file model.cif (mmCIF, C-alpha atoms)
data_my_file
#
loop_
_atom_site.label_atom_id
_atom_site.label_comp_id
_atom_site.auth_asym_id
_atom_site.auth_seq_id
_atom_site.Cartn_x
_atom_site.Cartn_y
_atom_site.Cartn_z
CA MET W 1 15.09 -14.11 -13.50
CA LYS W 2 14.80 -10.45 -14.48
CA LEU W 3 13.01 -8.55 -11.75
CA SER W 4 11.65 -6.13 -14.33
CA ASP W 5 9.31 -8.99 -15.27
CA LEU W 6 7.99 -9.16 -11.69
CA THR W 7 7.41 -5.49 -10.90
CA THR W 8 4.63 -3.16 -12.05
CA LEU W 9 7.23 -0.52 -12.97
CA ARG W 10 8.91 -3.09 -15.28
CA ILE W 11 12.27 -1.97 -13.94
CA GLY W 12 14.97 -4.05 -12.25
CA GLY W 13 18.01 -6.17 -12.98
CA GLU W 14 18.57 -9.88 -12.50
CA ALA W 15 17.96 -11.85 -9.32
CA GLU W 16 21.05 -13.89 -8.45
CA ARG W 17 18.74 -16.74 -7.40
CA PHE W 18 14.97 -16.98 -7.66
CA VAL W 19 12.46 -19.17 -5.82
CA ASP W 20 8.72 -19.30 -6.49
CA ALA W 21 7.16 -20.33 -3.15
CA THR W 22 3.68 -21.75 -3.71
CA GLU W 23 3.53 -23.41 -0.28
CA THR W 24 3.97 -21.71 3.07
CA ASP W 25 6.39 -24.37 4.34
CA HIS W 26 8.58 -23.84 1.25
CA LEU W 27 8.55 -20.08 1.84
CA VAL W 28 9.52 -20.49 5.49
CA GLU W 29 12.26 -23.04 4.78
CA THR W 30 13.81 -20.95 2.00
CA VAL W 31 13.97 -17.77 4.06
CA LEU W 32 15.23 -19.52 7.20
CA GLU W 33 17.99 -21.32 5.32
CA ALA W 34 19.13 -18.17 3.53
CA ASP W 35 19.13 -16.26 6.81
CA ARG W 36 21.05 -19.07 8.55
CA VAL W 37 23.89 -19.15 6.02
CA GLY W 38 24.04 -15.38 5.61
CA GLU W 39 22.72 -15.32 2.06
CA PRO W 40 20.95 -12.03 1.25
CA TRP W 41 17.24 -12.62 0.73
CA LEU W 42 14.27 -10.65 -0.49
CA VAL W 43 10.60 -11.59 -0.24
CA LEU W 44 8.58 -10.26 -3.18
CA GLY W 45 4.80 -10.11 -3.46
CA GLY W 46 3.05 -8.51 -6.40
CA GLY W 47 5.96 -6.16 -7.11
CA SER W 48 3.67 -3.14 -7.11
CA ASN W 49 5.38 -1.01 -4.48
CA VAL W 50 9.05 -1.49 -5.20
CA LEU W 51 11.80 0.10 -7.29
CA VAL W 52 14.61 -2.38 -8.02
CA GLY W 53 18.03 -1.16 -9.10
CA ASP W 54 19.42 -1.78 -12.57
CA ASP W 55 22.15 -4.07 -11.21
CA GLY W 56 19.59 -6.44 -9.75
CA VAL W 57 19.61 -8.10 -6.34
CA GLU W 58 22.23 -10.30 -4.71
CA GLY W 59 21.19 -13.52 -3.02
CA VAL W 60 17.78 -15.14 -3.31
CA VAL W 61 14.52 -13.49 -4.30
CA VAL W 62 11.54 -15.44 -2.97
CA ARG W 63 8.24 -14.69 -4.64
CA VAL W 64 5.29 -15.40 -2.35
CA ALA W 65 2.81 -17.35 -4.47
CA THR W 66 0.67 -18.98 -1.77
CA ARG W 67 -3.09 -18.78 -2.33
CA GLY W 68 -6.27 -19.23 -0.33
CA ILE W 69 -9.17 -17.40 1.33
CA GLU W 70 -10.60 -19.27 4.33
CA ARG W 71 -13.79 -18.43 6.24
CA LEU W 72 -13.15 -18.69 9.97
CA PRO W 73 -15.87 -19.04 12.62
CA ASP W 74 -17.95 -15.88 12.84
CA ALA W 75 -17.90 -13.55 15.85
CA PRO W 76 -21.62 -13.17 16.73
CA GLY W 77 -22.57 -9.85 18.28
CA SER W 78 -19.61 -8.04 16.78
CA ALA W 79 -20.02 -5.04 14.47
CA ARG W 80 -17.74 -6.95 12.11
CA PRO W 81 -18.63 -10.60 12.63
CA ILE W 82 -17.09 -12.10 9.48
CA ARG W 83 -13.63 -13.57 9.96
CA LEU W 84 -11.38 -14.45 7.04
CA ARG W 85 -7.85 -15.86 6.86
CA VAL W 86 -6.04 -15.03 3.64
CA GLN W 87 -2.72 -16.43 2.45
CA ALA W 88 0.05 -13.93 1.82
CA GLY W 89 0.35 -14.58 -1.91
CA GLU W 90 -3.33 -14.05 -2.67
CA PRO W 91 -3.69 -10.99 -4.93
CA TRP W 92 -5.26 -8.13 -2.98
CA GLU W 93 -7.68 -7.27 -5.77
CA ALA W 94 -8.92 -10.87 -5.88
CA LEU W 95 -9.64 -10.68 -2.15
CA VAL W 96 -11.61 -7.44 -2.44
CA GLU W 97 -13.61 -8.81 -5.36
CA HIS W 98 -14.40 -11.92 -3.30
CA THR W 99 -15.55 -9.96 -0.24
CA VAL W 100 -17.79 -7.65 -2.25
CA ARG W 101 -19.31 -10.62 -4.07
CA GLN W 102 -20.03 -12.27 -0.71
CA GLY W 103 -21.59 -9.08 0.68
CA PHE W 104 -18.83 -8.44 3.24
CA SER W 105 -17.99 -4.80 3.97
CA GLY W 106 -14.74 -3.19 5.04
CA LEU W 107 -12.48 -3.49 1.99
CA GLU W 108 -14.68 -2.11 -0.80
CA ALA W 109 -12.92 1.27 -1.02
CA LEU W 110 -9.60 -0.56 -1.38
CA SER W 111 -10.64 -1.98 -4.76
CA GLY W 112 -8.09 -1.91 -7.55
CA ILE W 113 -4.99 -1.70 -5.37
CA PRO W 114 -2.31 -3.92 -6.92
CA GLY W 115 -0.09 -6.23 -4.93
CA SER W 116 -0.46 -9.17 -2.58
CA CYS W 117 -2.30 -9.64 0.70
CA GLY W 118 0.94 -10.33 2.57
CA ALA W 119 2.35 -6.97 1.55
CA ALA W 120 -0.83 -5.10 2.48
CA PRO W 121 -0.19 -4.84 6.26
CA ILE W 122 3.48 -3.93 5.74
CA GLN W 123 2.33 -0.82 3.91
CA ASN W 124 -0.98 -0.47 5.76
CA ILE W 125 -2.62 0.15 2.42
CA GLY W 126 -5.39 2.70 2.25
CA ALA W 127 -7.49 4.65 -0.22
CA TYR W 128 -10.72 6.62 -0.46
CA GLY W 129 -11.24 6.80 3.28
CA GLN W 130 -10.44 3.20 4.23
CA GLU W 131 -7.28 1.60 5.62
CA LEU W 132 -6.40 -2.03 6.18
CA ALA W 133 -5.76 -1.21 9.85
CA GLU W 134 -9.52 -0.91 10.38
CA SER W 135 -10.13 -4.55 9.39
CA LEU W 136 -6.92 -6.34 10.33
CA VAL W 137 -7.16 -8.60 13.39
CA ALA W 138 -3.86 -10.50 13.25
CA VAL W 139 -1.07 -11.76 11.02
CA GLU W 140 0.82 -15.01 10.96
CA VAL W 141 4.49 -14.29 10.47
CA LEU W 142 7.85 -15.95 10.26
CA ASP W 143 9.64 -14.09 13.06
CA LEU W 144 13.28 -13.97 12.03
CA ASP W 145 14.42 -12.97 15.51
CA SER W 146 13.11 -16.22 16.97
CA GLY W 147 13.18 -18.34 13.83
CA GLU W 148 9.62 -19.45 14.58
CA ARG W 149 6.19 -18.96 13.08
CA ALA W 150 3.99 -16.80 15.28
CA THR W 151 0.62 -15.08 15.29
CA TRP W 152 0.79 -11.38 16.05
CA PRO W 153 -2.25 -9.35 17.02
CA ALA W 154 -2.53 -6.33 14.73
CA PRO W 155 -1.28 -3.82 17.37
CA LEU W 156 2.16 -5.46 17.30
CA LEU W 157 2.52 -4.19 13.73
CA GLU W 158 2.25 -0.58 14.92
CA LEU W 159 0.29 0.34 11.83
CA GLY W 160 0.43 3.98 10.78
CA TYR W 161 0.07 6.06 7.63
CA ARG W 162 1.55 3.78 4.97
CA THR W 163 3.86 2.13 7.44
CA SER W 164 4.29 -0.66 9.98
CA SER W 165 6.92 -2.06 12.30
CA ILE W 166 7.97 -4.50 9.55
CA LYS W 167 8.43 -1.68 7.04
CA GLN W 168 10.47 0.11 9.70
CA GLY W 169 12.87 -2.81 10.05
CA ARG W 170 11.32 -5.50 12.24
CA ARG W 171 12.52 -8.81 10.82
CA ALA W 172 9.46 -10.79 9.87
CA VAL W 173 7.76 -12.27 6.81
CA VAL W 174 3.97 -12.17 6.63
CA LEU W 175 2.51 -15.62 5.92
CA SER W 176 -1.24 -14.90 6.22
CA ILE W 177 -3.61 -12.21 7.47
CA ASP W 178 -6.80 -12.42 9.54
CA LEU W 179 -9.58 -9.92 8.84
CA ALA W 180 -12.81 -8.83 10.53
CA LEU W 181 -15.48 -7.65 8.09
CA GLY W 182 -19.07 -6.50 8.28
CA ALA W 183 -22.12 -8.29 6.91
CA ASP W 184 -25.31 -6.43 6.05
CA GLU W 185 -28.32 -8.23 4.58
CA ASP W 186 -28.62 -5.43 2.02
CA ALA W 187 -24.91 -5.75 1.10
CA ARG W 188 -24.13 -2.13 1.87
CA SER W 189 -20.76 -0.52 2.45
CA ARG W 190 -19.15 0.98 5.49
CA PRO W 191 -19.92 4.73 5.82
CA VAL W 192 -18.32 6.63 2.95
CA ARG W 193 -15.68 9.02 4.31
CA TYR W 194 -13.98 10.41 1.20
CA ALA W 195 -15.50 13.40 -0.57
CA GLN W 196 -14.52 12.41 -4.11
CA LEU W 197 -16.00 8.94 -3.65
CA ALA W 198 -19.17 10.36 -2.08
CA ASP W 199 -19.59 12.71 -5.06
CA ALA W 200 -19.12 9.82 -7.49
CA LEU W 201 -21.78 7.81 -5.66
CA GLY W 202 -24.17 10.74 -5.22
CA VAL W 203 -24.28 10.32 -1.42
CA GLU W 204 -23.33 12.41 1.59
CA ILE W 205 -20.23 11.85 3.69
CA GLY W 206 -21.16 9.28 6.33
CA ASP W 207 -23.80 7.57 4.18
CA THR W 208 -23.55 3.96 3.06
CA ALA W 209 -24.01 2.65 -0.47
CA PRO W 210 -24.32 -0.74 -2.18
CA LEU W 211 -21.02 -2.58 -2.03
CA VAL W 212 -20.97 -3.25 -5.77
CA GLY W 213 -21.58 0.43 -6.44
CA VAL W 214 -18.73 1.53 -4.19
CA ARG W 215 -16.37 -0.94 -5.82
CA ALA W 216 -17.36 0.16 -9.32
CA ALA W 217 -16.96 3.83 -8.41
CA VAL W 218 -13.53 3.28 -6.86
CA LEU W 219 -12.31 1.29 -9.86
CA ALA W 220 -13.51 4.05 -12.19
CA LEU W 221 -11.80 6.75 -10.12
CA ARG W 222 -8.56 4.80 -9.98
CA ALA W 223 -8.62 3.98 -13.69
CA ALA W 224 -9.05 7.67 -14.53
CA LYS W 225 -5.80 8.28 -12.64
CA GLY W 226 -3.94 5.35 -14.21
CA MET W 227 -3.99 3.57 -10.84
CA VAL W 228 -5.49 0.29 -12.04
CA LEU W 229 -3.15 -2.17 -13.72
CA ASP W 230 -4.12 -2.31 -17.38
CA PRO W 231 -1.90 -3.67 -20.18
CA ASP W 232 -3.55 -1.19 -22.54
CA ASP W 233 -2.84 1.83 -20.32
CA PRO W 234 0.79 3.03 -20.42
CA ASP W 235 0.10 5.30 -17.44
CA SER W 236 -0.44 2.24 -15.25
CA VAL W 237 3.21 1.18 -15.63
CA SER W 238 4.06 2.66 -12.25
CA ALA W 239 4.40 1.89 -8.56
CA GLY W 240 1.18 3.75 -7.80
CA SER W 241 1.57 6.90 -5.75
CA PHE W 242 5.31 7.54 -5.62
CA PHE W 243 5.19 10.01 -2.72
CA THR W 244 3.16 9.99 0.48
CA ASN W 245 1.08 12.99 1.46
CA PRO W 246 3.25 15.02 3.86
CA ILE W 247 2.12 15.44 7.46
CA VAL W 248 3.28 18.74 8.95
CA SER W 249 2.54 20.88 11.98
CA GLU W 250 -0.42 23.22 11.93
CA ALA W 251 1.99 26.13 12.36
CA PHE W 252 3.94 25.15 9.26
CA ALA W 253 0.77 24.57 7.26
CA ARG W 254 -0.24 28.17 7.91
CA THR W 255 2.85 29.31 5.98
CA LEU W 256 1.60 27.65 2.79
CA PRO W 257 -0.72 29.31 0.26
CA GLY W 258 -4.32 29.40 1.47
CA GLU W 259 -5.53 27.34 -1.48
CA ALA W 260 -3.18 24.43 -0.66
CA PRO W 261 -5.39 21.46 0.31
CA ARG W 262 -4.98 20.30 3.89
CA TRP W 263 -6.73 17.97 6.29
CA ALA W 264 -6.43 18.24 10.06
CA GLN W 265 -5.35 14.98 11.66
CA GLN W 266 -7.58 14.17 14.61
CA PRO W 267 -6.07 12.45 17.65
CA GLU W 268 -7.15 8.83 18.04
CA ALA W 269 -7.48 6.52 21.01
CA PRO W 270 -4.19 4.97 22.18
CA THR W 271 -3.23 1.63 20.70
CA ARG W 272 -4.22 -1.30 22.87
CA ALA W 273 -3.56 -5.01 22.71
CA VAL W 274 -6.64 -7.11 22.00
CA PRO W 275 -7.25 -10.86 22.13
CA LEU W 276 -7.32 -12.80 18.90
CA GLY W 277 -10.79 -12.77 17.39
CA ALA W 278 -11.71 -9.45 18.99
CA GLU W 279 -12.43 -6.26 17.09
CA PRO W 280 -9.36 -4.87 15.25
CA ALA W 281 -7.52 -2.25 17.26
CA PRO W 282 -7.35 1.26 15.83
CA PRO W 283 -4.10 2.43 14.20
CA PRO W 284 -1.62 4.31 16.40
CA PRO W 285 -2.64 7.85 17.33
CA VAL W 286 -1.67 10.74 15.11
CA VAL W 287 0.20 13.49 16.94
CA GLU W 288 -2.15 16.31 17.91
CA GLY W 289 -1.81 19.50 15.91
CA THR W 290 -0.73 17.99 12.61
CA VAL W 291 -2.06 18.54 9.11
CA LYS W 292 -1.94 16.28 6.06
CA LEU W 293 -1.07 18.04 2.79
CA SER W 294 -1.68 17.00 -0.80
CA ALA W 295 1.59 15.84 -2.37
CA ALA W 296 -0.03 16.04 -5.81
CA TRP W 297 -0.97 19.71 -5.29
CA LEU W 298 2.55 20.55 -4.08
CA ILE W 299 4.10 18.88 -7.11
CA GLU W 300 1.80 20.57 -9.61
CA HIS W 301 2.23 23.99 -8.02
CA SER W 302 6.01 23.65 -7.99
CA GLY W 303 5.79 23.80 -11.78
CA ILE W 304 5.76 20.09 -12.64
CA ARG W 305 2.90 19.06 -14.87
CA ARG W 306 1.44 15.72 -15.88
CA GLY W 307 3.57 14.05 -18.54
CA PHE W 308 6.71 15.90 -17.47
CA ALA W 309 10.07 14.24 -18.19
CA LEU W 310 13.69 15.33 -17.88
CA GLY W 311 15.07 15.74 -21.40
CA SER W 312 14.97 12.42 -23.23
CA SER W 313 14.47 10.35 -20.07
CA ARG W 314 12.13 7.40 -20.40
CA ALA W 315 10.81 8.03 -16.87
CA ALA W 316 7.99 10.55 -16.66
CA VAL W 317 5.21 11.90 -14.50
CA SER W 318 1.96 10.15 -15.37
CA ARG W 319 -0.28 11.99 -17.82
CA LYS W 320 -3.22 11.13 -15.55
CA HIS W 321 -1.97 11.74 -12.02
CA THR W 322 0.94 13.81 -10.76
CA LEU W 323 1.74 11.42 -7.92
CA ALA W 324 2.59 8.51 -10.22
CA LEU W 325 5.95 8.19 -11.95
CA VAL W 326 5.79 5.92 -14.97
CA ASN W 327 8.10 3.91 -17.17
CA THR W 328 7.26 5.07 -20.69
CA GLY W 329 9.27 2.20 -22.19
CA GLY W 330 12.72 0.91 -21.29
CA ALA W 331 13.27 3.32 -18.40
CA THR W 332 16.02 2.50 -15.92
CA ALA W 333 15.92 2.76 -12.16
CA ALA W 334 18.52 5.52 -12.42
CA GLU W 335 16.22 7.54 -14.67
CA LEU W 336 13.28 7.13 -12.34
CA ALA W 337 15.37 8.05 -9.30
CA GLU W 338 16.68 11.15 -11.10
CA LEU W 339 13.12 12.29 -11.82
CA ALA W 340 12.07 11.65 -8.22
CA ARG W 341 15.02 13.68 -6.91
CA TYR W 342 14.15 16.54 -9.24
CA ILE W 343 10.55 16.58 -7.99
CA GLN W 344 11.70 16.54 -4.37
CA THR W 345 14.04 19.45 -5.05
CA ARG W 346 11.37 21.54 -6.76
CA VAL W 347 8.84 21.01 -3.98
CA MET W 348 11.42 21.73 -1.29
CA SER W 349 12.56 24.91 -3.06
CA GLU W 350 9.02 26.16 -3.60
CA PHE W 351 7.31 25.16 -0.35
CA GLY W 352 9.95 23.92 2.10
CA VAL W 353 8.28 20.49 2.23
CA VAL W 354 10.22 17.22 1.97
CA LEU W 355 8.38 14.59 -0.07
CA HIS W 356 8.99 11.04 1.11
CA PRO W 357 8.82 8.16 -1.40
CA GLU W 358 6.25 5.45 -0.80
CA PRO W 359 7.82 2.46 -2.64
CA VAL W 360 10.56 0.30 -1.17
CA PHE W 361 13.93 0.88 -2.86
CA LEU W 362 16.29 -2.01 -3.55
CA GLY W 363 19.71 -1.08 -4.86
CA VAL W 364 18.54 2.47 -5.54
CA GLU W 365 19.08 5.69 -3.61
CA LEU W 366 17.55 9.12 -3.86
#
call {"tool": "encode", "arguments": {"input": "model.cif", "output": "structure tokens"}}
result
Amino acid sequence: MKLSDLTTLRIGGEAERFVDATETDHLVETVLEADRVGEPWLVLGGGSNVLVGDDGVEGVVVRVATRGIERLPDAPGSARPIRLRVQAGEPWEALVEHTVRQGFSGLEALSGIPGSCGAAPIQNIGAYGQELAESLVAVEVLDLDSGERATWPAPLLELGYRTSSIKQGRRAVVLSIDLALGADEDARSRPVRYAQLADALGVEIGDTAPLVGVRAAVLALRAAKGMVLDPDDPDSVSAGSFFTNPIVSEAFARTLPGEAPRWAQQPEAPTRAVPLGAEPAPPPPVVEGTVKLSAAWLIEHSGIRRGFALGSSRAAVSRKHTLALVNTGGATAAELAELARYIQTRVMSEFGVVLHPEPVFLGVEL
């Protein structure tokens, strides 16, 4: 199986062995057996946040293809009373569409994000003022340290800005996720917290809006940036945002040009363990005195424009959004990595800021 057929970048060599796991038991058995005999293994979801090397992957690649959205008993009296359990292989976009159609709030600003529900907590996906951490109650995992299936309350994942304990190396495979969502009889959203989305909706920051309107606005904004998978849009052949927005000290931020966008990171309440079924815990606190910068602004003002490519390379910066690196047709992982390194070097030389890649790299190094 060519992994280029399973990734949104359409890049990647052959998998030595491939398993399509449509049942949770099959997924668990395959991973446990591979781990027991020392066979390298990789669990793949929607392939939307990964760059696979041109030489492929040794061992077994297990694609999570489990499906299902289950309504759990409600939590009366809670601000988010709706409880859902979603299988890891369910496409994220299908889940968001379902919740908006049902009138459940909490995921509407995460519309259009590619990938699977099992991968969502590993990355702690977020967009337009919402993060999964706000709605996640618990995950069922295969804990490779114990070899057992277990249910972890969300705080055990140590969710942060586009990261989690699993992304940082904790050995576990997500099997399902439990969510807590709101329910308003008028089917309105959570308060809108992102200026661009508020402008598109014609509301003020902190206002609510109809769920269907928020979803439509987010999809339109993402499509304009090439961030919605579309077979007719060559700028969507990417891994989404390739770099995370840097978080730096306030002191360092003051050394940057005054027009450089920045957002102060407010301290949050400490992480606390909560019982299953309780309100989701907040993400871990952000260190006081830090500022989030715009990676896109840094890239553009280091002299790299939309559509930029190195010579005849088939990897390029998206023509719609500077943060996305695209495969214009037949690009290799080596070409994409070369472009990413060049961008990192330009931004470091111009501003002294290190850009960190967001996708997971397999058989590729920057």
call {"tool": "resolve_selection", "arguments": {"input": "model.cif", "expression": "the PyMOL selection byres ((chain W and resi 59) around 7)", "output": "number ranges by chain"}}
result
W: 16-17, 39-41, 57-58, 60-61
call {"tool": "residues_around", "arguments": {"input": "model.cif", "residues": "W:Glu148", "least_positions_apart": "2", "cutoff": "12 Å", "atoms": "all atoms listed in the file", "output": "VMD selection string"}}
result
chain W and resid 25 28 to 29 31 to 32 140 to 146 150 to 151 171 to 173 175
call {"tool": "closest_atom_pairs", "arguments": {"input": "model.cif", "of": "stretch 184-275 of chain W", "to": "stretch 1-12 of chain W", "cutoff": "9 Å", "atoms": "all atoms listed in the file", "output": "Markdown table"}}
result
| residue | atom | partner | partner_atom | distance |
| --- | --- | --- | --- | --- |
| W:Leu229 | CA | W:Thr8 | CA | 8.0 |
| W:Ser236 | CA | W:Thr8 | CA | 8.1 |
| W:Val237 | CA | W:Leu9 | CA | 5.1 |
| W:Ser238 | CA | W:Leu9 | CA | 4.5 |
| W:Ala239 | CA | W:Leu9 | CA | 5.8 |
| W:Gly240 | CA | W:Thr8 | CA | 8.8 |
call {"tool": "closest_residue", "arguments": {"input": "model.cif", "among": "W:Gly226, W:Pro76, W:Pro210, W:Gly352", "to": "W:Ser105", "atoms": "only C-alpha atoms"}}
result
W:Pro210
call {"tool": "atom_distance", "arguments": {"input": "model.cif", "atom1": "atom CA of W:His301", "atom2": "atom CA of W:Gly53"}}
result
29.7 Å
call {"tool": "residues_near_point", "arguments": {"input": "model.cif", "point": "(-17.2, 8.8, -2.7)", "cutoff": "10 Å", "atoms": "all atoms listed in the file", "output": "ChimeraX atom specification"}}
result
/W:109,128-129,191-209,214,217-218,221
call {"tool": "closest_residue", "arguments": {"input": "model.cif", "among": "W:Leu136, W:Leu42, W:Val52, W:Ala331", "to": "W:Ile82", "atoms": "only C-alpha atoms"}}
result
W:Leu136
call {"tool": "resolve_selection", "arguments": {"input": "model.cif", "expression": "the PyMOL selection byres ((chain W and resi 354-366) around 7)", "output": "PyMOL selection string"}}
result
chain W and resi 49-53+239+241-244+246+337+341+344+348+352-353
call {"tool": "write_last_selection", "arguments": {"input": "model.cif", "atoms": "C-alpha atoms", "output": "tab-separated table (two decimals), in the frame of the given file"}}
result
chain	number	residue	atom	x	y	z
W	49	ASN	CA	5.38	-1.01	-4.48
W	50	VAL	CA	9.05	-1.49	-5.20
W	51	LEU	CA	11.80	0.10	-7.29
W	52	VAL	CA	14.61	-2.38	-8.02
W	53	GLY	CA	18.03	-1.16	-9.10
W	239	ALA	CA	4.40	1.89	-8.56
W	241	SER	CA	1.57	6.90	-5.75
W	242	PHE	CA	5.31	7.54	-5.62
W	243	PHE	CA	5.19	10.01	-2.72
W	244	THR	CA	3.16	9.99	0.48
W	246	PRO	CA	3.25	15.02	3.86
W	337	ALA	CA	15.37	8.05	-9.30
W	341	ARG	CA	15.02	13.68	-6.91
W	344	GLN	CA	11.70	16.54	-4.37
W	348	MET	CA	11.42	21.73	-1.29
W	352	GLY	CA	9.95	23.92	2.10
W	353	VAL	CA	8.28	20.49	2.23
call {"tool": "resolve_selection", "arguments": {"input": "model.cif", "expression": "the PyMOL selection byres ((chain W and resi 91-101) around 10)", "output": "number ranges by chain"}}
result
W: 45-46, 65-69, 84, 86-90, 102-120, 181-183, 187-189, 210-215
call {"tool": "closest_residue", "arguments": {"input": "model.cif", "among": "W:Trp152, W:Tyr342, W:Trp297, W:Phe308", "to": "W:Ile177", "atoms": "all atoms listed in the file"}}
result
W:Trp152
call {"tool": "residues_near_point", "arguments": {"input": "model.cif", "point": "(5.4, 21.0, -9.5)", "cutoff": "10 Å", "atoms": "all atoms listed in the file", "output": "count of residues only"}}
result
21
